[in-house]
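What's in entry.cif: mmCIF, N, CA and C atoms, pLDDT in the B column; chains and numbers go by the auth columns
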data_run
#
loop_
_atom_site.group_PDB
_atom_site.id
_atom_site.type_symbol
_atom_site.label_atom_id
_atom_site.label_comp_id
_atom_site.label_asym_id
_atom_site.label_seq_id
_atom_site.Cartn_x
_atom_site.Cartn_y
_atom_site.Cartn_z
_atom_site.B_iso_or_equiv
_atom_site.auth_seq_id
_atom_site.auth_asym_id
ATOM 1 N N MET A 1 10.089 3.479 -5.917 91.00 1 A
ATOM 2 C CA MET A 1 9.252 4.594 -6.317 91.00 1 A
ATOM 3 C C MET A 1 9.918 5.880 -5.834 91.00 1 A
ATOM 4 N N SER A 2 9.825 6.890 -6.641 95.00 2 A
ATOM 5 C CA SER A 2 10.380 8.173 -6.226 95.00 2 A
ATOM 6 C C SER A 2 9.412 8.907 -5.300 95.00 2 A
ATOM 7 N N LYS A 3 9.915 9.879 -4.580 95.00 3 A
ATOM 8 C CA LYS A 3 9.109 10.643 -3.632 95.00 3 A
ATOM 9 C C LYS A 3 7.857 11.177 -4.327 95.00 3 A
ATOM 10 N N SER A 4 6.722 11.051 -3.675 95.00 4 A
ATOM 11 C CA SER A 4 5.396 11.511 -4.111 95.00 4 A
ATOM 12 C C SER A 4 4.751 10.646 -5.185 95.00 4 A
ATOM 13 N N ALA A 5 5.445 9.635 -5.695 96.00 5 A
ATOM 14 C CA ALA A 5 4.847 8.744 -6.692 96.00 5 A
ATOM 15 C C ALA A 5 3.679 7.990 -6.064 96.00 5 A
ATOM 16 N N ILE A 6 2.666 7.697 -6.876 96.00 6 A
ATOM 17 C CA ILE A 6 1.480 6.987 -6.392 96.00 6 A
ATOM 18 C C ILE A 6 1.297 5.707 -7.206 96.00 6 A
ATOM 19 N N HIS A 7 1.031 4.610 -6.491 94.00 7 A
ATOM 20 C CA HIS A 7 0.758 3.311 -7.114 94.00 7 A
ATOM 21 C C HIS A 7 -0.680 2.948 -6.759 94.00 7 A
ATOM 22 N N ARG A 8 -1.459 2.528 -7.755 96.00 8 A
ATOM 23 C CA ARG A 8 -2.859 2.159 -7.544 96.00 8 A
ATOM 24 C C ARG A 8 -3.053 0.667 -7.791 96.00 8 A
ATOM 25 N N ILE A 9 -3.884 0.054 -6.939 94.00 9 A
ATOM 26 C CA ILE A 9 -4.276 -1.339 -7.145 94.00 9 A
ATOM 27 C C ILE A 9 -5.796 -1.355 -7.123 94.00 9 A
ATOM 28 N N ALA A 10 -6.407 -1.772 -8.231 94.00 10 A
ATOM 29 C CA ALA A 10 -7.860 -1.694 -8.381 94.00 10 A
ATOM 30 C C ALA A 10 -8.628 -2.632 -7.441 94.00 10 A
ATOM 31 N N ARG A 11 -8.235 -3.872 -7.362 94.00 11 A
ATOM 32 C CA ARG A 11 -8.921 -4.853 -6.505 94.00 11 A
ATOM 33 C C ARG A 11 -7.871 -5.566 -5.654 94.00 11 A
ATOM 34 N N PRO A 12 -7.484 -4.962 -4.520 94.00 12 A
ATOM 35 C CA PRO A 12 -6.317 -5.430 -3.777 94.00 12 A
ATOM 36 C C PRO A 12 -6.536 -6.530 -2.736 94.00 12 A
ATOM 37 N N ALA A 13 -7.755 -7.032 -2.573 94.00 13 A
ATOM 38 C CA ALA A 13 -7.989 -8.023 -1.517 94.00 13 A
ATOM 39 C C ALA A 13 -6.972 -9.159 -1.619 94.00 13 A
ATOM 40 N N GLY A 14 -6.254 -9.409 -0.535 94.00 14 A
ATOM 41 C CA GLY A 14 -5.263 -10.469 -0.478 94.00 14 A
ATOM 42 C C GLY A 14 -3.846 -10.037 -0.829 94.00 14 A
ATOM 43 N N TYR A 15 -3.693 -8.843 -1.395 95.00 15 A
ATOM 44 C CA TYR A 15 -2.351 -8.349 -1.727 95.00 15 A
ATOM 45 C C TYR A 15 -1.603 -7.984 -0.442 95.00 15 A
ATOM 46 N N ARG A 16 -0.311 -8.227 -0.444 96.00 16 A
ATOM 47 C CA ARG A 16 0.540 -7.854 0.690 96.00 16 A
ATOM 48 C C ARG A 16 1.535 -6.798 0.212 96.00 16 A
ATOM 49 N N ILE A 17 1.548 -5.640 0.875 96.00 17 A
ATOM 50 C CA ILE A 17 2.450 -4.545 0.545 96.00 17 A
ATOM 51 C C ILE A 17 3.570 -4.557 1.582 96.00 17 A
ATOM 52 N N GLU A 18 4.797 -4.775 1.144 97.00 18 A
ATOM 53 C CA GLU A 18 5.947 -4.803 2.038 97.00 18 A
ATOM 54 C C GLU A 18 6.841 -3.605 1.746 97.00 18 A
ATOM 55 N N CYS A 19 7.214 -2.872 2.778 97.00 19 A
ATOM 56 C CA CYS A 19 8.106 -1.731 2.630 97.00 19 A
ATOM 57 C C CYS A 19 9.528 -2.216 2.909 97.00 19 A
ATOM 58 N N ILE A 20 10.349 -2.217 1.884 98.00 20 A
ATOM 59 C CA ILE A 20 11.725 -2.689 1.994 98.00 20 A
ATOM 60 C C ILE A 20 12.632 -1.557 2.478 98.00 20 A
ATOM 61 N N ALA A 21 12.433 -0.351 1.938 98.00 21 A
ATOM 62 C CA ALA A 21 13.228 0.820 2.321 98.00 21 A
ATOM 63 C C ALA A 21 12.378 2.067 2.136 98.00 21 A
ATOM 64 N N GLY A 22 12.618 3.087 2.964 97.00 22 A
ATOM 65 C CA GLY A 22 11.869 4.337 2.871 97.00 22 A
ATOM 66 C C GLY A 22 10.571 4.276 3.651 97.00 22 A
ATOM 67 N N SER A 23 9.597 5.097 3.250 98.00 23 A
ATOM 68 C CA SER A 23 8.297 5.102 3.916 98.00 23 A
ATOM 69 C C SER A 23 7.198 5.440 2.918 98.00 23 A
ATOM 70 N N ALA A 24 6.005 4.921 3.196 98.00 24 A
ATOM 71 C CA ALA A 24 4.874 5.100 2.295 98.00 24 A
ATOM 72 C C ALA A 24 3.585 5.254 3.088 98.00 24 A
ATOM 73 N N TRP A 25 2.643 5.935 2.467 97.00 25 A
ATOM 74 C CA TRP A 25 1.299 6.142 3.017 97.00 25 A
ATOM 75 C C TRP A 25 0.358 5.274 2.209 97.00 25 A
ATOM 76 N N VAL A 26 -0.487 4.494 2.880 97.00 26 A
ATOM 77 C CA VAL A 26 -1.417 3.586 2.221 97.00 26 A
ATOM 78 C C VAL A 26 -2.832 3.972 2.629 97.00 26 A
ATOM 79 N N THR A 27 -3.702 4.141 1.649 95.00 27 A
ATOM 80 C CA THR A 27 -5.105 4.438 1.938 95.00 27 A
ATOM 81 C C THR A 27 -5.980 3.586 1.028 95.00 27 A
ATOM 82 N N GLN A 28 -7.158 3.247 1.527 93.00 28 A
ATOM 83 C CA GLN A 28 -8.051 2.393 0.769 93.00 28 A
ATOM 84 C C GLN A 28 -9.452 2.981 0.793 93.00 28 A
ATOM 85 N N ASP A 29 -10.103 3.007 -0.366 93.00 29 A
ATOM 86 C CA ASP A 29 -11.462 3.530 -0.461 93.00 29 A
ATOM 87 C C ASP A 29 -12.364 2.839 0.556 93.00 29 A
ATOM 88 N N GLY A 30 -13.143 3.623 1.285 89.00 30 A
ATOM 89 C CA GLY A 30 -14.098 3.073 2.234 89.00 30 A
ATOM 90 C C GLY A 30 -13.519 2.632 3.560 89.00 30 A
ATOM 91 N N HIS A 31 -12.228 2.764 3.748 86.00 31 A
ATOM 92 C CA HIS A 31 -11.583 2.351 5.000 86.00 31 A
ATOM 93 C C HIS A 31 -11.277 3.606 5.807 86.00 31 A
ATOM 94 N N ALA A 32 -11.693 3.640 7.049 87.00 32 A
ATOM 95 C CA ALA A 32 -11.550 4.846 7.878 87.00 32 A
ATOM 96 C C ALA A 32 -10.114 5.120 8.310 87.00 32 A
ATOM 97 N N ARG A 33 -9.260 4.122 8.279 92.00 33 A
ATOM 98 C CA ARG A 33 -7.895 4.274 8.788 92.00 33 A
ATOM 99 C C ARG A 33 -6.861 4.184 7.678 92.00 33 A
ATOM 100 N N ASP A 34 -5.931 5.116 7.659 95.00 34 A
ATOM 101 C CA ASP A 34 -4.803 5.061 6.735 95.00 34 A
ATOM 102 C C ASP A 34 -3.647 4.328 7.413 95.00 34 A
ATOM 103 N N ILE A 35 -2.732 3.826 6.620 96.00 35 A
ATOM 104 C CA ILE A 35 -1.594 3.056 7.113 96.00 35 A
ATOM 105 C C ILE A 35 -0.313 3.780 6.724 96.00 35 A
ATOM 106 N N MET A 36 0.619 3.869 7.639 97.00 36 A
ATOM 107 C CA MET A 36 1.953 4.386 7.350 97.00 36 A
ATOM 108 C C MET A 36 2.908 3.193 7.421 97.00 36 A
ATOM 109 N N LEU A 37 3.653 2.973 6.356 98.00 37 A
ATOM 110 C CA LEU A 37 4.616 1.875 6.337 98.00 37 A
ATOM 111 C C LEU A 37 6.035 2.426 6.341 98.00 37 A
ATOM 112 N N GLU A 38 6.847 1.882 7.202 98.00 38 A
ATOM 113 C CA GLU A 38 8.279 2.189 7.275 98.00 38 A
ATOM 114 C C GLU A 38 9.032 0.928 6.871 98.00 38 A
ATOM 115 N N ALA A 39 10.302 1.057 6.593 97.00 39 A
ATOM 116 C CA ALA A 39 11.123 -0.094 6.217 97.00 39 A
ATOM 117 C C ALA A 39 10.941 -1.234 7.215 97.00 39 A
ATOM 118 N N GLY A 40 10.700 -2.427 6.708 97.00 40 A
ATOM 119 C CA GLY A 40 10.518 -3.606 7.549 97.00 40 A
ATOM 120 C C GLY A 40 9.078 -3.894 7.918 97.00 40 A
ATOM 121 N N GLU A 41 8.146 -3.002 7.578 98.00 41 A
ATOM 122 C CA GLU A 41 6.733 -3.198 7.904 98.00 41 A
ATOM 123 C C GLU A 41 5.963 -3.639 6.662 98.00 41 A
ATOM 124 N N SER A 42 4.791 -4.242 6.896 96.00 42 A
ATOM 125 C CA SER A 42 3.958 -4.682 5.776 96.00 42 A
ATOM 126 C C SER A 42 2.486 -4.526 6.133 96.00 42 A
ATOM 127 N N TYR A 43 1.665 -4.598 5.114 95.00 43 A
ATOM 128 C CA TYR A 43 0.216 -4.490 5.278 95.00 43 A
ATOM 129 C C TYR A 43 -0.428 -5.450 4.293 95.00 43 A
ATOM 130 N N THR A 44 -1.352 -6.271 4.764 94.00 44 A
ATOM 131 C CA THR A 44 -2.101 -7.173 3.901 94.00 44 A
ATOM 132 C C THR A 44 -3.516 -6.626 3.743 94.00 44 A
ATOM 133 N N CYS A 45 -3.934 -6.421 2.516 93.00 45 A
ATOM 134 C CA CYS A 45 -5.250 -5.866 2.210 93.00 45 A
ATOM 135 C C CYS A 45 -6.325 -6.935 2.374 93.00 45 A
ATOM 136 N N VAL A 46 -7.374 -6.601 3.090 90.00 46 A
ATOM 137 C CA VAL A 46 -8.473 -7.545 3.267 90.00 46 A
ATOM 138 C C VAL A 46 -9.738 -7.058 2.569 90.00 46 A
ATOM 139 N N ARG A 47 -9.739 -5.832 2.106 91.00 47 A
ATOM 140 C CA ARG A 47 -10.906 -5.251 1.446 91.00 47 A
ATOM 141 C C ARG A 47 -10.689 -5.228 -0.068 91.00 47 A
ATOM 142 N N PRO A 48 -11.780 -5.293 -0.854 94.00 48 A
ATOM 143 C CA PRO A 48 -11.641 -5.283 -2.307 94.00 48 A
ATOM 144 C C PRO A 48 -11.552 -3.887 -2.924 94.00 48 A
ATOM 145 N N GLU A 49 -11.880 -2.833 -2.174 95.00 49 A
ATOM 146 C CA GLU A 49 -11.895 -1.488 -2.740 95.00 49 A
ATOM 147 C C GLU A 49 -10.494 -1.001 -3.115 95.00 49 A
ATOM 148 N N ARG A 50 -10.442 -0.078 -4.072 96.00 50 A
ATOM 149 C CA ARG A 50 -9.179 0.462 -4.600 96.00 50 A
ATOM 150 C C ARG A 50 -8.233 0.906 -3.487 96.00 50 A
ATOM 151 N N LEU A 51 -6.957 0.624 -3.691 96.00 51 A
ATOM 152 C CA LEU A 51 -5.906 0.960 -2.734 96.00 51 A
ATOM 153 C C LEU A 51 -4.910 1.901 -3.404 96.00 51 A
ATOM 154 N N LEU A 52 -4.470 2.928 -2.676 96.00 52 A
ATOM 155 C CA LEU A 52 -3.453 3.851 -3.156 96.00 52 A
ATOM 156 C C LEU A 52 -2.264 3.798 -2.214 96.00 52 A
ATOM 157 N N VAL A 53 -1.065 3.769 -2.798 96.00 53 A
ATOM 158 C CA VAL A 53 0.173 3.822 -2.021 96.00 53 A
ATOM 159 C C VAL A 53 0.966 5.020 -2.528 96.00 53 A
ATOM 160 N N GLN A 54 1.311 5.940 -1.636 97.00 54 A
ATOM 161 C CA GLN A 54 2.105 7.104 -2.028 97.00 54 A
ATOM 162 C C GLN A 54 3.435 7.081 -1.295 97.00 54 A
ATOM 163 N N ALA A 55 4.504 7.283 -2.051 97.00 55 A
ATOM 164 C CA ALA A 55 5.840 7.335 -1.473 97.00 55 A
ATOM 165 C C ALA A 55 6.030 8.658 -0.740 97.00 55 A
ATOM 166 N N LEU A 56 6.348 8.602 0.541 97.00 56 A
ATOM 167 C CA LEU A 56 6.613 9.809 1.319 97.00 56 A
ATOM 168 C C LEU A 56 8.048 10.276 1.128 97.00 56 A
ATOM 169 N N GLU A 57 8.869 9.367 0.666 96.00 57 A
ATOM 170 C CA GLU A 57 10.263 9.611 0.284 96.00 57 A
ATOM 171 C C GLU A 57 10.575 8.501 -0.714 96.00 57 A
ATOM 172 N N ALA A 58 11.765 8.485 -1.258 96.00 58 A
ATOM 173 C CA ALA A 58 12.098 7.377 -2.151 96.00 58 A
ATOM 174 C C ALA A 58 11.853 6.072 -1.394 96.00 58 A
ATOM 175 N N VAL A 59 11.134 5.148 -2.000 97.00 59 A
ATOM 176 C CA VAL A 59 10.731 3.935 -1.292 97.00 59 A
ATOM 177 C C VAL A 59 10.885 2.717 -2.207 97.00 59 A
ATOM 178 N N VAL A 60 11.204 1.592 -1.576 97.00 60 A
ATOM 179 C CA VAL A 60 11.240 0.306 -2.283 97.00 60 A
ATOM 180 C C VAL A 60 10.138 -0.544 -1.657 97.00 60 A
ATOM 181 N N LEU A 61 9.196 -0.969 -2.501 96.00 61 A
ATOM 182 C CA LEU A 61 8.078 -1.787 -2.041 96.00 61 A
ATOM 183 C C LEU A 61 8.078 -3.119 -2.776 96.00 61 A
ATOM 184 N N ARG A 62 7.561 -4.127 -2.094 96.00 62 A
ATOM 185 C CA ARG A 62 7.314 -5.419 -2.729 96.00 62 A
ATOM 186 C C ARG A 62 5.806 -5.644 -2.624 96.00 62 A
ATOM 187 N N VAL A 63 5.182 -5.914 -3.744 94.00 63 A
ATOM 188 C CA VAL A 63 3.741 -6.190 -3.753 94.00 63 A
ATOM 189 C C VAL A 63 3.579 -7.660 -4.087 94.00 63 A
ATOM 190 N N ALA A 64 3.101 -8.418 -3.104 94.00 64 A
ATOM 191 C CA ALA A 64 2.895 -9.856 -3.291 94.00 64 A
ATOM 192 C C ALA A 64 1.431 -10.100 -3.632 94.00 64 A
ATOM 193 N N LEU A 65 1.207 -10.784 -4.750 90.00 65 A
ATOM 194 C CA LEU A 65 -0.143 -11.090 -5.188 90.00 65 A
ATOM 195 C C LEU A 65 -0.761 -12.156 -4.295 90.00 65 A
ATOM 196 N N PRO A 66 -2.095 -12.186 -4.219 83.00 66 A
ATOM 197 C CA PRO A 66 -2.735 -13.220 -3.419 83.00 66 A
ATOM 198 C C PRO A 66 -2.469 -14.603 -3.994 83.00 66 A
ATOM 199 N N ALA A 67 -2.377 -15.575 -3.126 77.00 67 A
ATOM 200 C CA ALA A 67 -2.150 -16.956 -3.554 77.00 67 A
ATOM 201 C C ALA A 67 -3.374 -17.459 -4.325 77.00 67 A
ATOM 202 N N GLY A 68 -3.119 -18.274 -5.321 65.00 68 A
ATOM 203 C CA GLY A 68 -4.235 -18.883 -6.042 65.00 68 A
ATOM 204 C C GLY A 68 -4.333 -18.415 -7.375 65.00 68 A
#

Please go through the file and, once you have read it, give me the structure as structure tokens.
Amino acid sequence: MSKSAIHRIARPAGYRIECIAGSAWVTQDGHARDIMLEAGESYTCVRPERLLVQALEAVVLRVALPAG
């Protein structure tokens, strides 16, 4: 994703967001805490509310779908 690009996931429960390179800001509707991901870090969504990921710089992300 290029800098400032935004990726939306409507129902992210169980999705795993992995930051391969760069950095990203992750926020989720109804969640009080935002997440900052740097290369090598990941976040697994446990809530069903919409999730937004914004590239703080050029970033490579892997989005793993929930099993099943």

Smallest atom-to-atom distance to Ala24 (chain A): which of A:Lys3, A:Ala55, A:Ala39, A:Cys45, using only C-alpha atoms?
A:Ala55

List as a VMD selection string: which residues have an atom within 12 Å of (-5.5, 7.7, 6.1), counting only C-alpha atoms?
chain A and resid 24 to 37 51 to 54

CA of Arg62 (chain A) to atom C of Tyr15 (chain A): how many Å, to one decimal?
9.6 Å

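Proximity to Val46 (chain A) at 6.5 Å, evaluated using all atoms listed in the file and with sequence-adjacent residues fewer than 4 positions away removed, yields Pro12, Ala13, Gly14 and Tyr15 of chain A.
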
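You will find CA of Ile20 (chain A) at 13.7 Å from CA of Ser2 (chain A).
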
Starting from the point (-0.4, -7.0, 5.9), work out which residues of protein, DNA or RNA have an atom no more than 8 Å away when counting only N, CA and C atoms; state them as a PDB file with N, CA and C atoms, in the frame of the given file.
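So result.pdb came out as:
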ATOM      1  N   TYR A  15      -3.693  -8.843  -1.395  1.00 95.00           N
ATOM      2  CA  TYR A  15      -2.351  -8.349  -1.727  1.00 95.00           C
ATOM      3  C   TYR A  15      -1.603  -7.984  -0.442  1.00 95.00           C
ATOM      4  N   ARG A  16      -0.311  -8.227  -0.444  1.00 96.00           N
ATOM      5  CA  ARG A  16       0.540  -7.854   0.690  1.00 96.00           C
ATOM      6  C   ARG A  16       1.535  -6.798   0.212  1.00 96.00           C
ATOM      7  N   ILE A  17       1.548  -5.640   0.875  1.00 96.00           N
ATOM      8  CA  ILE A  17       2.450  -4.545   0.545  1.00 96.00           C
ATOM      9  C   ILE A  17       3.570  -4.557   1.582  1.00 96.00           C
ATOM     10  N   GLU A  18       4.797  -4.775   1.144  1.00 97.00           N
ATOM     11  CA  GLU A  18       5.947  -4.803   2.038  1.00 97.00           C
ATOM     12  C   GLU A  18       6.841  -3.605   1.746  1.00 97.00           C
ATOM     13  N   GLU A  41       8.146  -3.002   7.578  1.00 98.00           N
ATOM     14  CA  GLU A  41       6.733  -3.198   7.904  1.00 98.00           C
ATOM     15  C   GLU A  41       5.963  -3.639   6.662  1.00 98.00           C
ATOM     16  N   SER A  42       4.791  -4.242   6.896  1.00 96.00           N
ATOM     17  CA  SER A  42       3.958  -4.682   5.776  1.00 96.00           C
ATOM     18  C   SER A  42       2.486  -4.526   6.133  1.00 96.00           C
ATOM     19  N   TYR A  43       1.665  -4.598   5.114  1.00 95.00           N
ATOM     20  CA  TYR A  43       0.216  -4.490   5.278  1.00 95.00           C
ATOM     21  C   TYR A  43      -0.428  -5.450   4.293  1.00 95.00           C
ATOM     22  N   THR A  44      -1.352  -6.271   4.764  1.00 94.00           N
ATOM     23  CA  THR A  44      -2.101  -7.173   3.901  1.00 94.00           C
ATOM     24  C   THR A  44      -3.516  -6.626   3.743  1.00 94.00           C
ATOM     25  N   CYS A  45      -3.934  -6.421   2.516  1.00 93.00           N
ATOM     26  CA  CYS A  45      -5.250  -5.866   2.210  1.00 93.00           C
ATOM     27  C   CYS A  45      -6.325  -6.935   2.374  1.00 93.00           C
ATOM     28  N   VAL A  46      -7.374  -6.601   3.090  1.00 90.00           N
ATOM     29  CA  VAL A  46      -8.473  -7.545   3.267  1.00 90.00           C
ATOM     30  C   VAL A  46      -9.738  -7.058   2.569  1.00 90.00           C
TER      31      VAL A  46
END

Going by DSSP on the backbone, which residues of chain A come out as strand (DSSP E)? List them as an MDAnalysis selection string.
chainID A and resid 6:9 16:21 23:28 35:38 42:44 51:55 60:64

Given the selection you just returned, output its residues as a file containing N, CA and C atoms, formatted as an mmCIF file, in the frame of the given file.
data_model
loop_
_atom_site.group_PDB
_atom_site.id
_atom_site.type_symbol
_atom_site.label_atom_id
_atom_site.label_comp_id
_atom_site.auth_asym_id
_atom_site.auth_seq_id
_atom_site.Cartn_x
_atom_site.Cartn_y
_atom_site.Cartn_z
ATOM 1 N N ILE A 6 2.666 7.697 -6.876
ATOM 2 C CA ILE A 6 1.480 6.987 -6.392
ATOM 3 C C ILE A 6 1.297 5.707 -7.206
ATOM 4 N N HIS A 7 1.031 4.610 -6.491
ATOM 5 C CA HIS A 7 0.758 3.311 -7.114
ATOM 6 C C HIS A 7 -0.680 2.948 -6.759
ATOM 7 N N ARG A 8 -1.459 2.528 -7.755
ATOM 8 C CA ARG A 8 -2.859 2.159 -7.544
ATOM 9 C C ARG A 8 -3.053 0.667 -7.791
ATOM 10 N N ILE A 9 -3.884 0.054 -6.939
ATOM 11 C CA ILE A 9 -4.276 -1.339 -7.145
ATOM 12 C C ILE A 9 -5.796 -1.355 -7.123
ATOM 13 N N ARG A 16 -0.311 -8.227 -0.444
ATOM 14 C CA ARG A 16 0.540 -7.854 0.690
ATOM 15 C C ARG A 16 1.535 -6.798 0.212
ATOM 16 N N ILE A 17 1.548 -5.640 0.875
ATOM 17 C CA ILE A 17 2.450 -4.545 0.545
ATOM 18 C C ILE A 17 3.570 -4.557 1.582
ATOM 19 N N GLU A 18 4.797 -4.775 1.144
ATOM 20 C CA GLU A 18 5.947 -4.803 2.038
ATOM 21 C C GLU A 18 6.841 -3.605 1.746
ATOM 22 N N CYS A 19 7.214 -2.872 2.778
ATOM 23 C CA CYS A 19 8.106 -1.731 2.630
ATOM 24 C C CYS A 19 9.528 -2.216 2.909
ATOM 25 N N ILE A 20 10.349 -2.217 1.884
ATOM 26 C CA ILE A 20 11.725 -2.689 1.994
ATOM 27 C C ILE A 20 12.632 -1.557 2.478
ATOM 28 N N ALA A 21 12.433 -0.351 1.938
ATOM 29 C CA ALA A 21 13.228 0.820 2.321
ATOM 30 C C ALA A 21 12.378 2.067 2.136
ATOM 31 N N SER A 23 9.597 5.097 3.250
ATOM 32 C CA SER A 23 8.297 5.102 3.916
ATOM 33 C C SER A 23 7.198 5.440 2.918
ATOM 34 N N ALA A 24 6.005 4.921 3.196
ATOM 35 C CA ALA A 24 4.874 5.100 2.295
ATOM 36 C C ALA A 24 3.585 5.254 3.088
ATOM 37 N N TRP A 25 2.643 5.935 2.467
ATOM 38 C CA TRP A 25 1.299 6.142 3.017
ATOM 39 C C TRP A 25 0.358 5.274 2.209
ATOM 40 N N VAL A 26 -0.487 4.494 2.880
ATOM 41 C CA VAL A 26 -1.417 3.586 2.221
ATOM 42 C C VAL A 26 -2.832 3.972 2.629
ATOM 43 N N THR A 27 -3.702 4.141 1.649
ATOM 44 C CA THR A 27 -5.105 4.438 1.938
ATOM 45 C C THR A 27 -5.980 3.586 1.028
ATOM 46 N N GLN A 28 -7.158 3.247 1.527
ATOM 47 C CA GLN A 28 -8.051 2.393 0.769
ATOM 48 C C GLN A 28 -9.452 2.981 0.793
ATOM 49 N N ILE A 35 -2.732 3.826 6.620
ATOM 50 C CA ILE A 35 -1.594 3.056 7.113
ATOM 51 C C ILE A 35 -0.313 3.780 6.724
ATOM 52 N N MET A 36 0.619 3.869 7.639
ATOM 53 C CA MET A 36 1.953 4.386 7.350
ATOM 54 C C MET A 36 2.908 3.193 7.421
ATOM 55 N N LEU A 37 3.653 2.973 6.356
ATOM 56 C CA LEU A 37 4.616 1.875 6.337
ATOM 57 C C LEU A 37 6.035 2.426 6.341
ATOM 58 N N GLU A 38 6.847 1.882 7.202
ATOM 59 C CA GLU A 38 8.279 2.189 7.275
ATOM 60 C C GLU A 38 9.032 0.928 6.871
ATOM 61 N N SER A 42 4.791 -4.242 6.896
ATOM 62 C CA SER A 42 3.958 -4.682 5.776
ATOM 63 C C SER A 42 2.486 -4.526 6.133
ATOM 64 N N TYR A 43 1.665 -4.598 5.114
ATOM 65 C CA TYR A 43 0.216 -4.490 5.278
ATOM 66 C C TYR A 43 -0.428 -5.450 4.293
ATOM 67 N N THR A 44 -1.352 -6.271 4.764
ATOM 68 C CA THR A 44 -2.101 -7.173 3.901
ATOM 69 C C THR A 44 -3.516 -6.626 3.743
ATOM 70 N N LEU A 51 -6.957 0.624 -3.691
ATOM 71 C CA LEU A 51 -5.906 0.960 -2.734
ATOM 72 C C LEU A 51 -4.910 1.901 -3.404
ATOM 73 N N LEU A 52 -4.470 2.928 -2.676
ATOM 74 C CA LEU A 52 -3.453 3.851 -3.156
ATOM 75 C C LEU A 52 -2.264 3.798 -2.214
ATOM 76 N N VAL A 53 -1.065 3.769 -2.798
ATOM 77 C CA VAL A 53 0.173 3.822 -2.021
ATOM 78 C C VAL A 53 0.966 5.020 -2.528
ATOM 79 N N GLN A 54 1.311 5.940 -1.636
ATOM 80 C CA GLN A 54 2.105 7.104 -2.028
ATOM 81 C C GLN A 54 3.435 7.081 -1.295
ATOM 82 N N ALA A 55 4.504 7.283 -2.051
ATOM 83 C CA ALA A 55 5.840 7.335 -1.473
ATOM 84 C C ALA A 55 6.030 8.658 -0.740
ATOM 85 N N VAL A 60 11.204 1.592 -1.576
ATOM 86 C CA VAL A 60 11.240 0.306 -2.283
ATOM 87 C C VAL A 60 10.138 -0.544 -1.657
ATOM 88 N N LEU A 61 9.196 -0.969 -2.501
ATOM 89 C CA LEU A 61 8.078 -1.787 -2.041
ATOM 90 C C LEU A 61 8.078 -3.119 -2.776
ATOM 91 N N ARG A 62 7.561 -4.127 -2.094
ATOM 92 C CA ARG A 62 7.314 -5.419 -2.729
ATOM 93 C C ARG A 62 5.806 -5.644 -2.624
ATOM 94 N N VAL A 63 5.182 -5.914 -3.744
ATOM 95 C CA VAL A 63 3.741 -6.190 -3.753
ATOM 96 C C VAL A 63 3.579 -7.660 -4.087
ATOM 97 N N ALA A 64 3.101 -8.418 -3.104
ATOM 98 C CA ALA A 64 2.895 -9.856 -3.291
ATOM 99 C C ALA A 64 1.431 -10.100 -3.632
#

Please report the interatomic distance between CA of Gly40 (chain A) and CA of Ala10 (chain A) in Å with one decimal.
24.4 Å
